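Structure file query-v3.pdb; described as PDB, C-alpha atoms.
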```pdb
ATOM      1  CA  MET A   1     -11.874 -21.266  61.192
ATOM      2  CA  THR A   2     -11.215 -18.040  59.312
ATOM      3  CA  PRO A   3     -13.967 -15.481  58.632
ATOM      4  CA  ASP A   4     -13.722 -16.414  54.966
ATOM      5  CA  GLN A   5     -14.305 -20.104  55.697
ATOM      6  CA  PHE A   6     -17.187 -19.110  57.956
ATOM      7  CA  ARG A   7     -18.773 -17.072  55.153
ATOM      8  CA  ARG A   8     -18.375 -19.919  52.650
ATOM      9  CA  LEU A   9     -19.986 -22.380  55.043
ATOM     10  CA  ALA A  10     -22.842 -19.944  55.675
ATOM     11  CA  GLU A  11     -23.388 -19.599  51.934
ATOM     12  CA  THR A  12     -23.597 -23.379  51.628
ATOM     13  CA  TRP A  13     -25.530 -24.435  54.732
ATOM     14  CA  GLY A  14     -27.462 -21.255  55.515
ATOM     15  CA  GLY A  15     -27.881 -19.051  58.548
ATOM     16  CA  ASP A  16     -28.443 -21.700  61.227
ATOM     17  CA  VAL A  17     -25.101 -22.884  62.562
ATOM     18  CA  GLU A  18     -26.786 -25.858  64.249
ATOM     19  CA  ARG A  19     -27.573 -27.298  60.806
ATOM     20  CA  TRP A  20     -23.976 -27.134  59.648
ATOM     21  CA  PRO A  21     -21.764 -30.261  59.657
ATOM     22  CA  ALA A  22     -21.032 -31.291  63.244
ATOM     23  CA  ALA A  23     -17.272 -30.862  62.859
ATOM     24  CA  THR A  24     -17.623 -27.148  62.047
ATOM     25  CA  ARG A  25     -20.221 -26.102  64.626
ATOM     26  CA  GLU A  26     -18.012 -25.424  67.609
ATOM     27  CA  ALA A  27     -15.723 -23.002  65.764
ATOM     28  CA  ALA A  28     -18.675 -21.500  63.898
ATOM     29  CA  ARG A  29     -20.496 -20.661  67.149
ATOM     30  CA  ARG A  30     -17.536 -18.579  68.290
ATOM     31  CA  LEU A  31     -17.507 -16.580  65.045
ATOM     32  CA  ALA A  32     -21.291 -16.268  65.061
ATOM     33  CA  ALA A  33     -21.047 -14.416  68.380
ATOM     34  CA  SER A  34     -19.236 -11.532  66.664
ATOM     35  CA  ALA A  35     -21.147  -8.708  64.952
ATOM     36  CA  GLU A  36     -19.606  -9.542  61.585
ATOM     37  CA  GLY A  37     -20.491 -13.221  61.920
ATOM     38  CA  ALA A  38     -24.046 -12.445  63.016
ATOM     39  CA  ALA A  39     -24.514 -10.186  59.957
ATOM     40  CA  VAL A  40     -23.383 -13.000  57.623
ATOM     41  CA  LEU A  41     -25.816 -15.434  59.261
ATOM     42  CA  ASP A  42     -28.710 -12.936  59.155
ATOM     43  CA  GLN A  43     -28.232 -12.447  55.441
ATOM     44  CA  GLN A  44     -28.279 -16.214  54.794
ATOM     45  CA  ALA A  45     -31.191 -16.809  57.178
ATOM     46  CA  ARG A  46     -33.358 -14.530  55.033
ATOM     47  CA  LEU A  47     -32.671 -16.702  52.001
ATOM     48  CA  ASP A  48     -33.288 -19.824  54.114
ATOM     49  CA  ARG A  49     -36.783 -18.620  55.009
ATOM     50  CA  LEU A  50     -37.649 -18.123  51.345
ATOM     51  CA  LEU A  51     -36.223 -21.503  50.375
ATOM     52  CA  ALA A  52     -38.152 -23.228  53.150
ATOM     53  CA  ALA A  53     -41.502 -22.100  51.719
ATOM     54  CA  ALA A  54     -43.151 -25.308  50.549
ATOM     55  CA  PRO A  55     -45.959 -25.799  48.045
ATOM     56  CA  GLU A  56     -49.167 -26.275  49.982
ATOM     57  CA  ILE A  57     -50.601 -29.771  49.537
ATOM     58  CA  GLU A  58     -54.284 -29.966  50.455
ATOM     59  CA  ALA A  59     -55.432 -33.079  52.281
ATOM     60  CA  GLU A  60     -58.054 -33.784  49.577
ATOM     61  CA  ARG A  61     -55.386 -33.785  46.905
ATOM     62  CA  ALA A  62     -53.193 -36.236  48.823
ATOM     63  CA  ASP A  63     -56.224 -38.444  49.557
ATOM     64  CA  ARG A  64     -57.197 -38.438  45.878
ATOM     65  CA  SER A  65     -53.709 -39.555  44.903
ATOM     66  CA  SER A  66     -53.809 -42.305  47.549
ATOM     67  CA  LEU A  67     -57.159 -43.502  46.237
ATOM     68  CA  LEU A  68     -55.817 -43.614  42.682
ATOM     69  CA  VAL A  69     -52.903 -45.741  43.885
ATOM     70  CA  LEU A  70     -55.317 -48.201  45.514
ATOM     71  CA  GLN A  71     -57.392 -48.318  42.323
ATOM     72  CA  ARG A  72     -54.275 -49.063  40.287
ATOM     73  CA  LEU A  73     -53.337 -51.818  42.706
ATOM     74  CA  ALA A  74     -56.818 -53.315  42.452
ATOM     75  CA  GLY A  75     -56.489 -53.313  38.654
ATOM     76  CA  MET A  76     -53.145 -55.059  38.693
ATOM     77  CA  PRO A  77     -53.211 -58.741  37.665
ATOM     78  CA  GLN A  78     -52.733 -61.148  40.528
ATOM     79  CA  GLN A  79     -49.290 -62.630  40.867
ATOM     80  CA  HIS A  80     -48.661 -65.509  38.462
ATOM     81  CA  ARG A  81     -49.745 -68.832  40.013
ATOM     82  CA  PRO A  82     -46.964 -71.417  39.843
ATOM     83  CA  PRO A  83     -47.642 -74.768  38.131
ATOM     84  CA  TRP A  84     -49.016 -77.672  40.231
ATOM     85  CA  HIS A  85     -45.712 -79.532  40.471
ATOM     86  CA  ARG A  86     -44.048 -76.403  41.933
ATOM     87  CA  ARG A  87     -46.905 -75.924  44.404
ATOM     88  CA  LEU A  88     -46.529 -79.558  45.540
ATOM     89  CA  LEU A  89     -42.947 -78.863  46.579
ATOM     90  CA  ARG A  90     -43.925 -76.082  48.988
ATOM     91  CA  TRP A  91     -43.862 -77.069  52.670
ATOM     92  CA  PRO A  92     -47.612 -76.763  53.387
ATOM     93  CA  ALA A  93     -48.273 -79.312  50.640
ATOM     94  CA  LEU A  94     -45.547 -81.615  51.962
ATOM     95  CA  VAL A  95     -47.182 -82.088  55.405
ATOM     96  CA  PRO A  96     -50.048 -84.407  54.257
ATOM     97  CA  ALA A  97     -47.711 -86.190  51.839
ATOM     98  CA  ALA A  98     -45.230 -86.844  54.641
ATOM     99  CA  SER A  99     -48.048 -88.075  56.942
ATOM    100  CA  LEU A 100     -49.249 -90.512  54.284
ATOM    101  CA  ALA A 101     -45.722 -91.782  53.696
ATOM    102  CA  CYS A 102     -45.235 -92.361  57.457
ATOM    103  CA  SER A 103     -48.547 -94.239  57.702
ATOM    104  CA  VAL A 104     -47.561 -96.519  54.794
ATOM    105  CA  MET A 105     -44.171 -97.222  56.363
ATOM    106  CA  VAL A 106     -45.755 -98.074  59.761
ATOM    107  CA  GLY A 107     -48.282-100.325  58.005
ATOM    108  CA  VAL A 108     -45.593-102.193  56.074
ATOM    109  CA  TRP A 109     -43.539-102.604  59.236
ATOM    110  CA  LEU A 110     -46.499-103.966  61.204
ATOM    111  CA  ALA A 111     -47.332-106.391  58.403
ATOM    112  CA  GLY A 112     -43.806-107.757  58.537
ATOM    113  CA  ALA A 113     -43.417-107.743  62.317
ATOM    114  CA  ILE A 114     -46.678-109.445  63.451
ATOM    115  CA  PRO A 115     -46.896-113.150  62.563
ATOM    116  CA  TYR A 116     -49.883-114.151  60.427
ATOM    117  CA  VAL A 117     -52.300-116.493  62.226
ATOM    118  CA  HIS A 118     -54.467-118.746  60.022
ATOM    119  CA  PRO A 119     -58.081-118.703  61.236
ATOM    120  CA  SER A 120     -59.362-122.128  62.191
ATOM    121  CA  SER A 121     -62.062-123.471  59.908
ATOM    122  CA  ASP A 122     -63.865-125.952  62.210
ATOM    123  CA  PRO A 123     -67.665-125.243  62.607
ATOM    124  CA  LEU A 124     -67.471-124.445  66.304
ATOM    125  CA  SER A 125     -64.894-121.720  65.811
ATOM    126  CA  VAL A 126     -66.870-120.170  62.961
ATOM    127  CA  VAL A 127     -70.073-120.059  65.077
ATOM    128  CA  SER A 128     -68.129-118.652  68.002
ATOM    129  CA  GLY A 129     -66.648-115.995  65.755
ATOM    130  CA  VAL A 130     -70.054-114.983  64.423
ATOM    131  CA  PHE A 131     -71.430-114.574  67.942
ATOM    132  CA  ASP A 132     -68.388-112.575  68.974
ATOM    133  CA  VAL A 133     -68.996-110.189  66.098
ATOM    134  CA  TYR A 134     -72.687-109.961  67.019
ATOM    135  CA  ALA A 135     -71.793-109.231  70.643
ATOM    136  CA  ILE A 136     -69.459-106.411  69.611
ATOM    137  CA  GLY A 137     -71.929-104.996  67.049
ATOM    138  CA  PHE A 138     -75.180-104.954  69.050
ATOM    139  CA  GLY A 139     -75.840-104.276  72.678
ATOM    140  CA  SER A 140     -72.238-104.590  73.739
ATOM    141  CA  VAL A 141     -70.617-102.081  76.038
ATOM    142  CA  GLN A 142     -67.802-102.042  73.549
TER     143      GLN A 142
ATOM    144  CA  MET B 143     -43.568 -51.208  56.732
ATOM    145  CA  ALA B 144     -43.420 -54.827  57.890
ATOM    146  CA  GLU B 145     -47.186 -55.012  57.466
ATOM    147  CA  VAL B 146     -46.965 -53.426  54.025
ATOM    148  CA  SER B 147     -44.384 -56.069  53.084
ATOM    149  CA  ALA B 148     -46.932 -58.658  54.224
ATOM    150  CA  ARG B 149     -49.345 -57.168  51.670
ATOM    151  CA  ARG B 150     -51.733 -55.607  54.193
ATOM    152  CA  GLN B 151     -53.598 -52.857  52.357
ATOM    153  CA  HIS B 152     -54.851 -51.257  55.558
ATOM    154  CA  ALA B 153     -51.258 -50.592  56.648
ATOM    155  CA  PHE B 154     -50.467 -49.283  53.178
ATOM    156  CA  ARG B 155     -53.389 -46.850  53.368
ATOM    157  CA  ILE B 156     -52.080 -45.506  56.685
ATOM    158  CA  LEU B 157     -48.601 -45.168  55.211
ATOM    159  CA  MET B 158     -49.950 -43.196  52.258
ATOM    160  CA  ARG B 159     -52.039 -40.952  54.498
ATOM    161  CA  ARG B 160     -48.902 -40.071  56.463
ATOM    162  CA  HIS B 161     -46.418 -39.665  53.647
ATOM    163  CA  MET B 162     -48.253 -38.817  50.404
ATOM    164  CA  PRO B 163     -48.181 -35.022  51.091
ATOM    165  CA  ARG B 164     -44.409 -35.260  51.578
ATOM    166  CA  ALA B 165     -43.936 -37.044  48.250
ATOM    167  CA  LEU B 166     -46.159 -34.574  46.384
ATOM    168  CA  ARG B 167     -44.438 -31.566  47.967
ATOM    169  CA  VAL B 168     -40.917 -32.631  46.987
ATOM    170  CA  ALA B 169     -41.970 -33.651  43.480
ATOM    171  CA  GLU B 170     -43.809 -30.371  42.940
ATOM    172  CA  ARG B 171     -40.848 -28.349  44.169
ATOM    173  CA  ILE B 172     -38.698 -29.926  41.474
ATOM    174  CA  VAL B 173     -41.063 -30.339  38.509
ATOM    175  CA  ARG B 174     -43.175 -27.247  39.404
ATOM    176  CA  ASP B 175     -46.263 -28.839  37.913
ATOM    177  CA  PRO B 176     -48.947 -30.094  40.348
ATOM    178  CA  VAL B 177     -50.409 -32.617  37.888
ATOM    179  CA  GLU B 178     -47.031 -34.152  37.164
ATOM    180  CA  ALA B 179     -46.192 -34.087  40.871
ATOM    181  CA  ASP B 180     -49.388 -36.083  41.549
ATOM    182  CA  ASP B 181     -48.329 -38.661  38.944
ATOM    183  CA  ILE B 182     -44.909 -38.950  40.543
ATOM    184  CA  GLY B 183     -46.382 -39.321  44.031
ATOM    185  CA  GLN B 184     -48.696 -42.101  42.855
ATOM    186  CA  GLU B 185     -45.950 -43.902  40.976
ATOM    187  CA  ALA B 186     -43.672 -43.596  44.014
ATOM    188  CA  PHE B 187     -46.207 -45.372  46.223
ATOM    189  CA  MET B 188     -46.813 -48.030  43.584
ATOM    190  CA  ARG B 189     -43.091 -48.748  43.855
ATOM    191  CA  VAL B 190     -43.256 -48.700  47.639
ATOM    192  CA  TRP B 191     -45.953 -51.398  47.430
ATOM    193  CA  THR B 192     -44.225 -53.554  44.844
ATOM    194  CA  HIS B 193     -40.738 -53.251  46.373
ATOM    195  CA  ALA B 194     -41.755 -53.232  50.047
ATOM    196  CA  ALA B 195     -39.954 -56.523  50.649
ATOM    197  CA  SER B 196     -36.645 -54.957  49.610
ATOM    198  CA  PHE B 197     -36.886 -52.157  52.198
ATOM    199  CA  ASP B 198     -34.462 -52.660  55.082
ATOM    200  CA  PRO B 199     -35.054 -50.427  58.128
ATOM    201  CA  GLN B 200     -31.487 -51.170  59.276
ATOM    202  CA  VAL B 201     -30.124 -49.415  56.192
ATOM    203  CA  ALA B 202     -32.342 -46.325  55.967
ATOM    204  CA  LYS B 203     -35.423 -44.665  57.407
ATOM    205  CA  PHE B 204     -38.626 -45.051  55.427
ATOM    206  CA  THR B 205     -38.726 -41.328  54.620
ATOM    207  CA  THR B 206     -35.188 -41.450  53.219
ATOM    208  CA  TRP B 207     -36.180 -44.404  51.034
ATOM    209  CA  LEU B 208     -39.329 -42.606  49.894
ATOM    210  CA  TYR B 209     -37.421 -39.404  49.078
ATOM    211  CA  ARG B 210     -34.986 -41.450  47.030
ATOM    212  CA  ILE B 211     -37.793 -43.064  45.032
ATOM    213  CA  VAL B 212     -39.486 -39.699  44.460
ATOM    214  CA  LEU B 213     -36.250 -38.026  43.401
ATOM    215  CA  ASN B 214     -35.331 -40.836  41.002
ATOM    216  CA  LEU B 215     -38.774 -40.700  39.392
ATOM    217  CA  THR B 216     -38.614 -36.921  39.192
ATOM    218  CA  PHE B 217     -35.153 -36.842  37.646
ATOM    219  CA  ASP B 218     -36.165 -39.530  35.144
ATOM    220  CA  ARG B 219     -39.148 -37.495  34.023
ATOM    221  CA  THR B 220     -37.383 -34.172  33.817
ATOM    222  CA  ARG B 221     -34.571 -35.765  31.808
ATOM    223  CA  ARG B 222     -37.134 -36.824  29.217
ATOM    224  CA  ARG B 223     -38.961 -33.508  29.260
ATOM    225  CA  THR B 224     -38.029 -30.824  26.760
ATOM    226  CA  PHE B 225     -40.030 -27.879  28.113
ATOM    227  CA  GLN B 226     -40.140 -25.999  31.391
ATOM    228  CA  PRO B 227     -43.563 -25.197  32.875
ATOM    229  CA  LEU B 228     -43.712 -21.617  34.030
ATOM    230  CA  ASP B 229     -47.252 -21.378  35.373
ATOM    231  CA  ALA B 230     -46.497 -22.635  38.894
ATOM    232  CA  ALA B 231     -43.940 -19.952  39.544
ATOM    233  CA  GLY B 232     -46.595 -17.516  40.667
ATOM    234  CA  ASP B 233     -47.943 -19.641  43.536
ATOM    235  CA  VAL B 234     -47.384 -17.793  46.748
ATOM    236  CA  PRO B 235     -48.238 -18.991  50.240
ATOM    237  CA  ASP B 236     -50.314 -16.544  52.256
ATOM    238  CA  THR B 237     -48.203 -16.275  55.397
ATOM    239  CA  GLY B 238     -47.652 -12.689  56.513
ATOM    240  CA  PRO B 239     -50.264 -10.888  58.621
ATOM    241  CA  HIS B 240     -49.270  -7.414  57.439
ATOM    242  CA  ALA B 241     -50.309  -6.447  53.918
ATOM    243  CA  VAL B 242     -47.205  -4.486  52.883
ATOM    244  CA  GLU B 243     -44.829  -7.022  54.376
ATOM    245  CA  ARG B 244     -46.767  -9.767  52.662
ATOM    246  CA  LEU B 245     -46.496  -7.979  49.334
ATOM    247  CA  ILE B 246     -42.733  -7.697  49.725
ATOM    248  CA  ALA B 247     -42.496 -11.336  50.741
ATOM    249  CA  ASP B 248     -44.703 -12.354  47.800
ATOM    250  CA  GLU B 249     -42.505 -10.408  45.428
ATOM    251  CA  GLU B 250     -39.365 -12.015  46.820
ATOM    252  CA  PHE B 251     -40.944 -15.430  46.587
ATOM    253  CA  ARG B 252     -41.925 -14.925  42.947
ATOM    254  CA  LEU B 253     -38.449 -13.697  42.193
ATOM    255  CA  LEU B 254     -36.964 -16.724  43.887
ATOM    256  CA  ASN B 255     -39.243 -19.129  42.041
ATOM    257  CA  ARG B 256     -38.212 -17.595  38.734
ATOM    258  CA  ALA B 257     -34.582 -17.849  39.723
ATOM    259  CA  MET B 258     -35.071 -21.511  40.645
ATOM    260  CA  LEU B 259     -36.164 -22.300  37.092
ATOM    261  CA  ALA B 260     -32.578 -21.903  35.988
ATOM    262  CA  LEU B 261     -31.271 -24.454  38.496
ATOM    263  CA  SER B 262     -30.729 -28.081  37.597
ATOM    264  CA  ASP B 263     -33.165 -30.688  38.916
ATOM    265  CA  ARG B 264     -30.559 -32.043  41.281
ATOM    266  CA  GLN B 265     -29.905 -28.572  42.673
ATOM    267  CA  ARG B 266     -33.645 -28.051  43.216
ATOM    268  CA  GLY B 267     -33.791 -31.484  44.835
ATOM    269  CA  ALA B 268     -30.989 -30.567  47.247
ATOM    270  CA  ILE B 269     -32.771 -27.352  48.219
ATOM    271  CA  ALA B 270     -36.102 -29.146  48.616
ATOM    272  CA  LEU B 271     -34.669 -31.778  50.944
ATOM    273  CA  PHE B 272     -32.437 -29.556  53.048
ATOM    274  CA  HIS B 273     -34.452 -26.350  53.298
ATOM    275  CA  MET B 274     -38.036 -27.336  52.609
ATOM    276  CA  GLU B 275     -38.149 -30.781  54.230
ATOM    277  CA  GLY B 276     -35.614 -29.877  56.923
ATOM    278  CA  LEU B 277     -33.432 -32.955  56.474
ATOM    279  CA  SER B 278     -29.890 -32.840  57.836
ATOM    280  CA  GLY B 279     -27.036 -32.748  55.350
ATOM    281  CA  GLU B 280     -26.328 -36.433  55.981
ATOM    282  CA  GLU B 281     -29.953 -37.513  55.542
ATOM    283  CA  ALA B 282     -30.354 -35.474  52.378
ATOM    284  CA  ALA B 283     -27.111 -36.885  50.963
ATOM    285  CA  LYS B 284     -28.340 -40.406  51.678
ATOM    286  CA  ALA B 285     -31.693 -39.716  50.014
ATOM    287  CA  MET B 286     -29.895 -38.395  46.934
ATOM    288  CA  ASN B 287     -27.425 -41.282  46.960
ATOM    289  CA  LEU B 288     -24.495 -38.886  47.322
ATOM    290  CA  SER B 289     -21.572 -38.638  49.675
ATOM    291  CA  ALA B 290     -21.795 -35.925  52.343
ATOM    292  CA  LYS B 291     -19.081 -33.955  50.555
ATOM    293  CA  ALA B 292     -20.822 -34.216  47.179
ATOM    294  CA  PHE B 293     -24.091 -33.051  48.721
ATOM    295  CA  GLU B 294     -22.356 -30.095  50.363
ATOM    296  CA  SER B 295     -20.904 -29.132  47.022
ATOM    297  CA  LEU B 296     -24.284 -29.512  45.267
ATOM    298  CA  LEU B 297     -26.117 -27.431  47.873
ATOM    299  CA  GLY B 298     -23.451 -24.748  47.831
ATOM    300  CA  ARG B 299     -23.596 -24.511  44.037
ATOM    301  CA  ALA B 300     -27.391 -24.376  44.155
ATOM    302  CA  ARG B 301     -27.475 -21.472  46.594
ATOM    303  CA  THR B 302     -24.750 -19.590  44.718
ATOM    304  CA  ALA B 303     -26.523 -20.104  41.390
ATOM    305  CA  LEU B 304     -29.788 -19.015  42.914
ATOM    306  CA  LYS B 305     -28.344 -15.761  44.178
ATOM    307  CA  ALA B 306     -26.700 -15.122  40.812
ATOM    308  CA  ASN B 307     -30.021 -15.766  39.039
ATOM    309  CA  VAL B 308     -31.884 -13.421  41.376
ATOM    310  CA  GLN B 309     -29.282 -10.751  40.726
ATOM    311  CA  LYS B 310     -29.580 -11.300  36.972
ATOM    312  CA  ILE B 311     -33.375 -11.028  37.044
ATOM    313  CA  GLN B 312     -33.177  -7.855  39.132
ATOM    314  CA  ASP B 313     -30.558  -6.325  36.827
ATOM    315  CA  THR B 314     -32.534  -7.018  33.679
ATOM    316  CA  GLY B 315     -35.822  -6.091  35.375
ATOM    317  CA  SER B 316     -37.496  -9.110  33.850
ATOM    318  CA  TYR B 317     -38.874 -12.364  35.249
ATOM    319  CA  ALA B 318     -38.517 -14.135  31.932
TER     320      ALA B 318
END
```

Could I get this structure in the form of structure tokens?
Amino acid sequence: MTPDQFRRLAETWGGDVERWPAATREAARRLAASAEGAAVLDQQARLDRLLAAAPEIEAERADRSSLLVLQRLAGMPQQHRPPWHRRLLRWPALVPAASLACSVMVGVWLAGAIPYVHPSSDPLSVVSGVFDVYAIGFGSVQ
Amino acid sequence: MAEVSARRQHAFRILMRRHMPRALRVAERIVRDPVEADDIGQEAFMRVWTHAASFDPQVAKFTTWLYRIVLNLTFDRTRRRTFQPLDAAGDVPDTGPHAVERLIADEEFRLLNRAMLALSDRQRGAIALFHMEGLSGEEAAKAMNLSAKAFESLLGRARTALKANVQKIQDTGSYA
């Protein structure tokens, strides 16, 4: 690095060599150790200090701006609600629909798989059936 | 940010408490008008809220993303604006303990603020990010959506122009 390159870099990046691009630092440190290099950096560091002066932002001012943002958000219309047929296709709505479909399929399968038994119509069977129902309905451990 | 993406206002309030001063400071450095800087800061956080889902922490830090939003809003506004506010140029931070030294520093600061009026918005943005916010060259370049080389060139031109403007003001003996 020549002294001229060093000066140009100082004019661009300022008086702190550690803030210069990494590839230039090593060579810049060697030049900065000389009196001439130190003078160049001192001159730029003075400008750096002035440029670093930031406008003071009071906490109340920042809080007021934050509050105004929240008020604007509260005033924003809610996101557009999709039509019912779109909502039905979302997965939370599909869970009960899928359960119902499974129940229907199991029911149809059972109806086909279990043979239908005709109830006997003789008087004794009917009376027996009535008492069975009574036994289940009242006083039974079932 | 993940909680802000999930629309949790409490997380958003914490985010604003941490970063609103940063947004206002950078905006004010460029537009030099506190009222307009407040507008920009608010609009920036409205965008943070509405575009939170698009933020990817793998790509950039939150502060870099925020700086980019603030700078874009600021440049948009100043492009539309046809006048330059001068009233903020006199604001001087009270930093020095010694009266005479403080007066000299105040004078230099005023001079510098006047000289900064002649810079472009992008040049003021580069100075704000690198010198005022203390970002590295790479971070500042990323926030301005520039290559490292382009940012170096922009910052160099800004500092050179600033010194030339200071010299011009001193030669003419006028702040105008």

Take the ChimeraX specification (/B :<9) & /A, apply it to the structure above, and return the hits as a ChimeraX atom specification.
/A:8-9,11-14,19-21,47-59,61-63,65-70,72-73

Please write as a PyMOL selection string the full residue list that the PyMOL selection byres ((chain B and resi 198-211) around 9) yields on this file.
chain B and resi 143+161+164-165+168+186-187+189-190+194-197+212-216+271+281-282+284-287

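The space separating CA of Ile311 in chain B from CA of Arg221 in chain B comes to 25.3 Å.
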
Selection dump of the PyMOL selection byres ((chain A and resi 42) around 12), as an MDAnalysis selection string:
chainID A and resid 7 10:11 14:17 32 35:41 43:49

What separation in Å, quoted to one decimal, exists between CA of Gln265 in chain B and CA of Phe6 in chain A?
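The value is 22.0 Å.
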